[in-house]
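The file final-v1.tsv contains TSV, C-alpha atoms:
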chain	number	residue	atom	x	y	z
A	1	MET	CA	0.00	0.00	0.00
A	2	ASN	CA	1.47	3.34	-0.93
A	3	SER	CA	2.04	6.04	1.65
A	4	SER	CA	-0.56	8.39	0.20
A	5	ARG	CA	-3.33	6.14	1.50
A	6	HIS	CA	-3.29	7.11	5.14
A	7	ARG	CA	-6.39	7.20	7.27
A	8	GLY	CA	-8.28	9.57	5.08
A	9	SER	CA	-9.36	11.53	8.12
A	10	GLY	CA	-7.36	14.74	7.87
A	11	ARG	CA	-4.30	13.27	9.58
A	12	PRO	CA	-1.07	13.88	7.65
A	13	ALA	CA	0.68	10.81	6.24
A	14	LEU	CA	3.89	9.83	8.03
A	15	THR	CA	6.88	8.31	6.22
A	16	ARG	CA	10.53	7.63	6.87
A	17	THR	CA	12.76	10.67	6.48
A	18	ASP	CA	13.77	9.43	3.01
A	19	GLY	CA	10.10	9.21	1.96
A	20	ALA	CA	9.92	5.42	2.12
A	21	PRO	CA	7.16	3.66	4.13
A	22	LEU	CA	7.81	3.26	7.83
A	23	ARG	CA	8.54	-0.33	8.90
A	24	VAL	CA	6.72	-1.75	11.92
A	25	LEU	CA	6.88	-5.17	13.56
A	26	VAL	CA	3.86	-6.35	15.58
A	27	VAL	CA	4.66	-9.06	18.15
A	28	ASP	CA	1.70	-10.76	19.84
A	29	ASP	CA	0.66	-14.39	20.21
A	30	ASP	CA	-3.02	-13.55	19.67
A	31	PRO	CA	-3.44	-13.88	15.88
A	32	ASP	CA	-6.70	-11.91	15.82
A	33	LEU	CA	-5.19	-9.00	17.71
A	34	ALA	CA	-2.05	-9.06	15.54
A	35	GLU	CA	-4.21	-9.00	12.41
A	36	VAL	CA	-6.32	-6.07	13.61
A	37	LEU	CA	-3.26	-4.08	14.65
A	38	SER	CA	-1.47	-4.84	11.39
A	39	GLY	CA	-4.47	-3.72	9.38
A	40	ALA	CA	-4.65	-0.39	11.21
A	41	LEU	CA	-0.93	0.23	10.67
A	42	ARG	CA	-1.00	-0.79	7.00
A	43	TYR	CA	-3.84	1.68	6.55
A	44	GLU	CA	-1.31	4.34	7.57
A	45	GLY	CA	0.72	3.31	4.52
A	46	TRP	CA	3.35	1.51	6.60
A	47	GLU	CA	5.11	-1.78	5.90
A	48	VAL	CA	4.06	-4.21	8.63
A	49	ARG	CA	5.11	-7.71	9.63
A	50	THR	CA	3.96	-9.87	12.53
A	51	ALA	CA	5.51	-12.41	14.87
A	52	SER	CA	3.83	-14.62	17.47
A	53	ASP	CA	6.78	-15.34	19.78
A	54	GLY	CA	10.18	-14.05	20.79
A	55	VAL	CA	12.27	-16.20	18.47
A	56	SER	CA	10.31	-15.28	15.34
A	57	ALA	CA	10.23	-11.62	16.45
A	58	VAL	CA	14.02	-11.40	16.49
A	59	ALA	CA	14.24	-13.24	13.15
A	60	GLU	CA	11.74	-10.85	11.55
A	61	ALA	CA	13.54	-7.86	13.03
A	62	ARG	CA	16.85	-8.95	11.51
A	63	GLU	CA	15.20	-9.09	8.08
A	64	LEU	CA	12.88	-6.07	8.32
A	65	LEU	CA	15.06	-3.71	10.41
A	66	PRO	CA	11.92	-2.08	11.80
A	67	ASP	CA	11.59	1.56	12.75
A	68	ALA	CA	9.13	0.61	15.50
A	69	VAL	CA	7.94	-2.53	17.30
A	70	VAL	CA	4.59	-3.10	19.00
A	71	LEU	CA	5.55	-5.70	21.59
A	72	ASP	CA	3.37	-7.72	23.95
A	73	VAL	CA	4.92	-8.22	27.37
A	74	MET	CA	3.62	-11.82	27.68
A	75	LEU	CA	4.82	-14.20	24.95
A	76	PRO	CA	4.68	-18.02	24.85
A	77	ASP	CA	8.44	-18.61	24.78
A	78	THR	CA	9.81	-15.60	26.69
A	79	ASP	CA	8.83	-12.14	27.90
A	80	GLY	CA	8.85	-8.90	26.00
A	81	PHE	CA	11.74	-7.51	28.02
A	82	ALA	CA	14.10	-10.26	26.81
A	83	VAL	CA	12.91	-9.66	23.26
A	84	LEU	CA	13.56	-5.94	23.70
A	85	ARG	CA	17.20	-6.61	24.59
A	86	SER	CA	17.61	-8.73	21.45
A	87	LEU	CA	15.87	-6.10	19.31
A	88	HIS	CA	18.23	-3.40	20.55
A	89	ALA	CA	21.14	-5.61	19.52
A	90	VAL	CA	19.68	-5.73	16.00
A	91	ARG	CA	18.52	-2.10	15.80
A	92	PRO	CA	19.67	0.05	18.75
A	93	ASP	CA	17.44	3.02	17.88
A	94	VAL	CA	14.21	1.09	17.28
A	95	CYS	CA	11.10	2.59	18.95
A	96	VAL	CA	9.27	0.08	21.17
A	97	LEU	CA	5.64	0.34	22.27
A	98	PHE	CA	4.74	-2.28	24.89
A	99	LEU	CA	1.30	-3.86	25.21
A	100	THR	CA	0.49	-4.71	28.83
A	101	ALA	CA	-2.39	-6.09	30.87
A	102	ARG	CA	-4.64	-3.42	32.36
A	103	ASP	CA	-3.48	-3.92	35.95
A	104	ALA	CA	0.13	-4.94	35.37
A	105	VAL	CA	1.71	-1.76	36.77
A	106	GLU	CA	4.97	-3.58	37.44
A	107	ASP	CA	5.17	-4.56	33.76
A	108	ARG	CA	4.81	-0.96	32.69
A	109	ILE	CA	7.58	0.16	35.02
A	110	ALA	CA	9.81	-2.74	33.99
A	111	GLY	CA	9.17	-2.03	30.30
A	112	ILE	CA	10.20	1.60	30.52
A	113	THR	CA	13.17	0.71	32.74
A	114	ALA	CA	14.28	-1.91	30.21
A	115	GLY	CA	14.38	0.68	27.47
A	116	GLY	CA	10.85	0.67	26.07
A	117	ASP	CA	9.60	4.01	24.83
A	118	ASP	CA	5.91	3.82	25.75
A	119	TYR	CA	3.10	1.42	26.61
A	120	VAL	CA	-0.64	0.95	26.17
A	121	THR	CA	-2.89	-1.26	28.25
A	122	LYS	CA	-5.34	-3.86	26.99
A	123	PRO	CA	-8.06	-3.43	25.87
A	124	PHE	CA	-7.01	-0.39	23.89
A	125	SER	CA	-8.18	1.81	21.06
A	126	LEU	CA	-6.46	1.18	17.74
A	127	GLU	CA	-6.40	4.94	17.21
A	128	GLU	CA	-4.40	5.33	20.42
A	129	VAL	CA	-1.80	2.77	19.32
A	130	VAL	CA	-1.39	4.54	15.96
A	131	ALA	CA	-1.14	7.96	17.63
A	132	ARG	CA	1.42	6.72	20.16
A	133	LEU	CA	3.56	5.20	17.39
A	134	ARG	CA	3.37	8.35	15.31
A	135	GLY	CA	4.47	10.41	18.30
A	136	LEU	CA	7.34	8.06	19.14
A	137	LEU	CA	8.64	7.98	15.56
A	138	ARG	CA	8.48	11.73	15.16
A	139	ARG	CA	10.19	12.43	18.47
A	140	ALA	CA	12.93	9.93	17.57
A	141	GLY	CA	13.55	11.79	14.32
A	142	MET	CA	12.77	8.66	12.30
A	143	ALA	CA	9.73	10.02	10.45
A	144	ARG	CA	8.41	13.08	8.69
A	145	GLN	CA	4.97	14.30	7.71
A	146	THR	CA	4.02	14.71	4.09
A	147	GLU	CA	1.64	17.54	5.00
A	148	ASP	CA	1.76	20.33	7.55
A	149	GLY	CA	-0.02	20.25	10.85
A	150	PRO	CA	-1.35	17.26	12.80
A	151	ARG	CA	-4.35	19.35	13.88
A	152	LEU	CA	-8.08	18.89	13.62
A	153	THR	CA	-10.27	22.00	13.67
A	154	VAL	CA	-14.05	22.22	13.91
A	155	GLY	CA	-15.26	25.76	14.54
A	156	ASP	CA	-13.37	27.09	17.56
A	157	LEU	CA	-12.51	23.55	18.74
A	158	VAL	CA	-8.90	22.56	17.96
A	159	MET	CA	-7.16	19.23	18.61
A	160	ASP	CA	-3.40	18.75	18.34
A	161	GLU	CA	-3.14	14.99	17.85
A	162	GLU	CA	0.58	14.69	18.45
A	163	ALA	CA	0.61	16.85	21.60
A	164	ARG	CA	-2.76	15.35	22.64
A	165	GLU	CA	-4.07	18.81	23.50
A	166	VAL	CA	-7.55	20.19	22.93
A	167	THR	CA	-8.63	23.83	23.11
A	168	ARG	CA	-11.92	25.60	22.53
A	169	GLY	CA	-11.77	29.32	21.94
A	170	GLY	CA	-8.13	29.12	22.97
A	171	GLU	CA	-8.97	27.61	26.36
A	172	LEU	CA	-7.29	24.30	27.20
A	173	ILE	CA	-9.64	21.36	27.86
A	174	GLU	CA	-8.32	18.49	29.98
A	175	LEU	CA	-9.52	15.10	28.69
A	176	SER	CA	-8.99	11.49	29.76
A	177	PRO	CA	-7.50	9.14	27.11
A	178	THR	CA	-10.94	7.71	26.29
A	179	GLU	CA	-12.55	11.14	26.11
A	180	PHE	CA	-9.76	12.25	23.79
A	181	GLU	CA	-10.30	9.28	21.44
A	182	LEU	CA	-14.05	9.84	21.39
A	183	LEU	CA	-13.67	13.53	20.62
A	184	ARG	CA	-11.09	12.76	17.93
A	185	LEU	CA	-13.54	10.41	16.22
A	186	LEU	CA	-16.24	13.09	16.29
A	187	MET	CA	-13.85	15.77	15.02
A	188	ARG	CA	-12.72	13.57	12.15
A	189	ASN	CA	-16.33	13.23	11.11
A	190	PRO	CA	-17.80	16.74	11.53
A	191	ARG	CA	-21.50	17.08	10.66
A	192	ARG	CA	-21.70	13.30	10.23
A	193	VAL	CA	-24.02	11.36	12.51
A	194	LEU	CA	-22.20	8.42	14.13
A	195	SER	CA	-24.21	5.58	15.64
A	196	LYS	CA	-23.45	4.12	19.05
A	197	ALA	CA	-22.31	0.91	17.34
A	198	GLN	CA	-19.85	2.82	15.14
A	199	ILE	CA	-18.48	4.69	18.15
A	200	LEU	CA	-18.10	1.50	20.20
A	201	ASP	CA	-16.23	-0.18	17.35
A	202	ARG	CA	-13.84	2.71	16.72
A	203	VAL	CA	-13.15	3.97	20.26
A	204	TRP	CA	-13.40	0.84	22.38
A	205	SER	CA	-11.66	-1.42	19.89
A	206	TYR	CA	-12.18	-4.91	18.56
A	207	ASP	CA	-12.79	-6.78	21.82
A	208	PHE	CA	-14.84	-4.37	23.90
A	209	GLY	CA	-17.72	-6.25	25.49
A	210	GLY	CA	-19.65	-3.31	26.90
A	211	GLN	CA	-23.03	-1.97	25.94
A	212	ALA	CA	-24.16	1.20	24.25
A	213	HIS	CA	-24.72	2.97	27.57
A	214	VAL	CA	-20.95	3.50	27.88
A	215	VAL	CA	-21.16	5.75	24.80
A	216	GLU	CA	-23.93	7.80	26.43
A	217	LEU	CA	-21.82	8.11	29.56
A	218	TYR	CA	-18.72	9.37	27.76
A	219	ILE	CA	-20.73	11.71	25.54
A	220	SER	CA	-22.06	13.27	28.75
A	221	TYR	CA	-18.48	13.59	30.06
A	222	LEU	CA	-17.41	15.33	26.85
A	223	ARG	CA	-20.35	17.71	26.90
A	224	LYS	CA	-19.46	18.83	30.42
A	225	LYS	CA	-15.96	19.71	29.24
A	226	VAL	CA	-16.38	20.83	25.62
A	227	ASP	CA	-19.80	22.50	25.75
A	228	ALA	CA	-19.91	23.72	29.37
A	229	GLY	CA	-20.83	27.42	29.42
A	230	ARG	CA	-20.60	27.60	25.63
A	231	PRO	CA	-22.96	27.11	22.68
A	232	PRO	CA	-23.23	23.31	22.23
A	233	MET	CA	-21.31	21.50	19.51
A	234	ILE	CA	-22.13	17.88	20.45
A	235	HIS	CA	-25.69	16.97	19.46
A	236	THR	CA	-27.88	13.90	19.89
A	237	VAL	CA	-29.83	12.75	16.84
A	238	ARG	CA	-32.60	10.70	18.36
A	239	GLY	CA	-32.59	7.11	17.18
A	240	ALA	CA	-29.47	7.66	15.07
A	241	GLY	CA	-26.50	8.68	17.20
A	242	TYR	CA	-24.33	11.74	17.80
A	243	VAL	CA	-22.85	14.50	15.68
A	244	LEU	CA	-20.31	17.27	16.21
A	245	LYS	CA	-21.09	20.54	14.45
A	246	PRO	CA	-19.51	23.98	14.56
A	247	VAL	CA	-21.66	26.65	16.15
A	248	ALA	CA	-23.70	28.56	13.57
A	249	ARG	CA	-22.80	32.23	13.36

How would this structure read if it were set down as structure tokens?
Amino acid sequence: MNSSRHRGSGRPALTRTDGAPLRVLVVDDDPDLAEVLSGALRYEGWEVRTASDGVSAVAEARELLPDAVVLDVMLPDTDGFAVLRSLHAVRPDVCVLFLTARDAVEDRIAGITAGGDDYVTKPFSLEEVVARLRGLLRRAGMARQTEDGPRLTVGDLVMDEEAREVTRGGELIELSPTEFELLRLLMRNPRRVLSKAQILDRVWSYDFGGQAHVVELYISYLRKKVDAGRPPMIHTVRGAGYVLKPVAR
């Protein structure tokens, strides 16, 4: 897939500094998860390979020489920290994003201590994984944007995706990671009504087992932060879903 076919959502395409596709290795022993992650990364225009254990991960890394690795902490033949040491022997400057269990705080600390660059906890949003990787690669100087500005703007609402900052009318709005992902989805689809099912699928990822009421809950959280004391931008379309619209002037 060529690098011009990124997410089609206003986000600038990201390539290696020489213009070639970024190379990413996904290491996870869950084939369904690896496939979903790989699909999201390929949609960015990146070259992606997968491995299901530590031995094959190192073998793939030697051949691919990846710019970044998405690495599960728990693997069938070893742990992600041992794999990280081997990866650094192959490519010392590789960016590593660990996948950890939700409550495994010690794994997160150990991963960063071992030389990992960042981590996300399961279950996660695919958008968050992509955004974290983009940020890591840019900060490491391994990637460049083919367009200017990783910003989304709807009316006076502005989101800087790389800095993960949101302002309305110039005023900073503090959001949780889930609120940020939900607002990003709405801002990438301005004036488009999104159903609860679409929002669940995009924000809460492939394996979320919750019900539609979680969407209602987080929409209410967003309204309290984005629309509080201001003309509303987040609207309910009864029986259809939710839509973000700039305030009419």

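The shortest atom-to-atom distance to A:Arg139, with all atoms listed in the file taken into account, belongs to A:Asp93 out of A:Asp93, A:Glu35, A:Glu179, A:Asp156.
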
Contacts of A:Val154 within 12 Å, all atoms listed in the file, excl. fewer than 5 positions in-chain, as a PyMOL selection string: chain A and resi 10+159+166-169+183-184+186-191+233-234+243-248

Would you mind exporting C-alpha atoms of the selected residues as a PDB file, in the frame of the given file?
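And here's out_23.pdb as it stands now:
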ATOM      1  CA  GLY A  10      -7.360  14.740   7.870  1.00  0.00           C
ATOM      2  CA  MET A 159      -7.160  19.230  18.610  1.00  0.00           C
ATOM      3  CA  VAL A 166      -7.550  20.190  22.930  1.00  0.00           C
ATOM      4  CA  THR A 167      -8.630  23.830  23.110  1.00  0.00           C
ATOM      5  CA  ARG A 168     -11.920  25.600  22.530  1.00  0.00           C
ATOM      6  CA  GLY A 169     -11.770  29.320  21.940  1.00  0.00           C
ATOM      7  CA  LEU A 183     -13.670  13.530  20.620  1.00  0.00           C
ATOM      8  CA  ARG A 184     -11.090  12.760  17.930  1.00  0.00           C
ATOM      9  CA  LEU A 186     -16.240  13.090  16.290  1.00  0.00           C
ATOM     10  CA  MET A 187     -13.850  15.770  15.020  1.00  0.00           C
ATOM     11  CA  ARG A 188     -12.720  13.570  12.150  1.00  0.00           C
ATOM     12  CA  ASN A 189     -16.330  13.230  11.110  1.00  0.00           C
ATOM     13  CA  PRO A 190     -17.800  16.740  11.530  1.00  0.00           C
ATOM     14  CA  ARG A 191     -21.500  17.080  10.660  1.00  0.00           C
ATOM     15  CA  MET A 233     -21.310  21.500  19.510  1.00  0.00           C
ATOM     16  CA  ILE A 234     -22.130  17.880  20.450  1.00  0.00           C
ATOM     17  CA  VAL A 243     -22.850  14.500  15.680  1.00  0.00           C
ATOM     18  CA  LEU A 244     -20.310  17.270  16.210  1.00  0.00           C
ATOM     19  CA  LYS A 245     -21.090  20.540  14.450  1.00  0.00           C
ATOM     20  CA  PRO A 246     -19.510  23.980  14.560  1.00  0.00           C
ATOM     21  CA  VAL A 247     -21.660  26.650  16.150  1.00  0.00           C
ATOM     22  CA  ALA A 248     -23.700  28.560  13.570  1.00  0.00           C
TER      23      ALA A 248
END

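Between A:Trp46 and the candidates A:Asp227, A:Glu60, A:Asp30, A:Gly19, the tightest atom-to-atom separation, counting all atoms listed in the file, involves A:Gly19.
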
Given the choices A:Ser220, A:Thr100, A:Thr17, A:Ser176, which gets closest to A:Tyr119 if the distance is worked out from all atoms listed in the file?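 Nearest candidate to A:Tyr119 out of A:Ser220, A:Thr100, A:Thr17, A:Ser176: A:Thr100.
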
By how many Å are atom CA of A:Leu157 and atom CA of A:Glu216 apart?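 Straight-line distance from atom CA of A:Leu157 to atom CA of A:Glu216 works out to 20.9 Å.
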
Excluding stretch 24-29 of chain A and any residue of its chain fewer than 6 positions from it, enumerate the residues within 7 Å of it, using all atoms listed in the file, and give them as a ChimeraX atom specification. /A:38,47-53,57,66-72,75

Now that the selection is made, can you save its residues with C-alpha atoms as a PDB file, in the coordinates of the input?
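As a result, selection18.pdb now contains:
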ATOM      1  CA  SER A  38      -1.470  -4.840  11.390  1.00  0.00           C
ATOM      2  CA  GLU A  47       5.110  -1.780   5.900  1.00  0.00           C
ATOM      3  CA  VAL A  48       4.060  -4.210   8.630  1.00  0.00           C
ATOM      4  CA  ARG A  49       5.110  -7.710   9.630  1.00  0.00           C
ATOM      5  CA  THR A  50       3.960  -9.870  12.530  1.00  0.00           C
ATOM      6  CA  ALA A  51       5.510 -12.410  14.870  1.00  0.00           C
ATOM      7  CA  SER A  52       3.830 -14.620  17.470  1.00  0.00           C
ATOM      8  CA  ASP A  53       6.780 -15.340  19.780  1.00  0.00           C
ATOM      9  CA  ALA A  57      10.230 -11.620  16.450  1.00  0.00           C
ATOM     10  CA  PRO A  66      11.920  -2.080  11.800  1.00  0.00           C
ATOM     11  CA  ASP A  67      11.590   1.560  12.750  1.00  0.00           C
ATOM     12  CA  ALA A  68       9.130   0.610  15.500  1.00  0.00           C
ATOM     13  CA  VAL A  69       7.940  -2.530  17.300  1.00  0.00           C
ATOM     14  CA  VAL A  70       4.590  -3.100  19.000  1.00  0.00           C
ATOM     15  CA  LEU A  71       5.550  -5.700  21.590  1.00  0.00           C
ATOM     16  CA  ASP A  72       3.370  -7.720  23.950  1.00  0.00           C
ATOM     17  CA  LEU A  75       4.820 -14.200  24.950  1.00  0.00           C
TER      18      LEU A  75
END

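Atom CA of A:Ala61 is found 7.1 Å from atom CA of A:Val90.
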
Would you pick out the contacts of A:Arg62 at 10 Å or less, using only C-alpha atoms, so that residues sharing its chain but fewer than 6 positions from it are not included, and give the list as JSON, numbers by chain? {"A": [56, 86, 87, 89, 90, 91]}

Taking into account all atoms listed in the file, which residue in the set A:Gly135, A:Gly45, A:Gly116, A:Pro177 is nearest to A:Leu99?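 Using all atoms listed in the file, the shortest distance to A:Leu99 belongs to A:Gly116.
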
Find the residue from A:Leu136, A:Ala59, A:Pro231, A:Gln198 that sits nearest to A:Gly155; use all atoms listed in the file when measuring.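 Checking each candidate against A:Gly155, we get A:Pro231 as the closest.
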
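Distances here use all atoms listed in the file; by that measure, the residue among A:Leu97, A:Leu65, A:Val130, A:Val55 closest to A:Thr78 is A:Val55.
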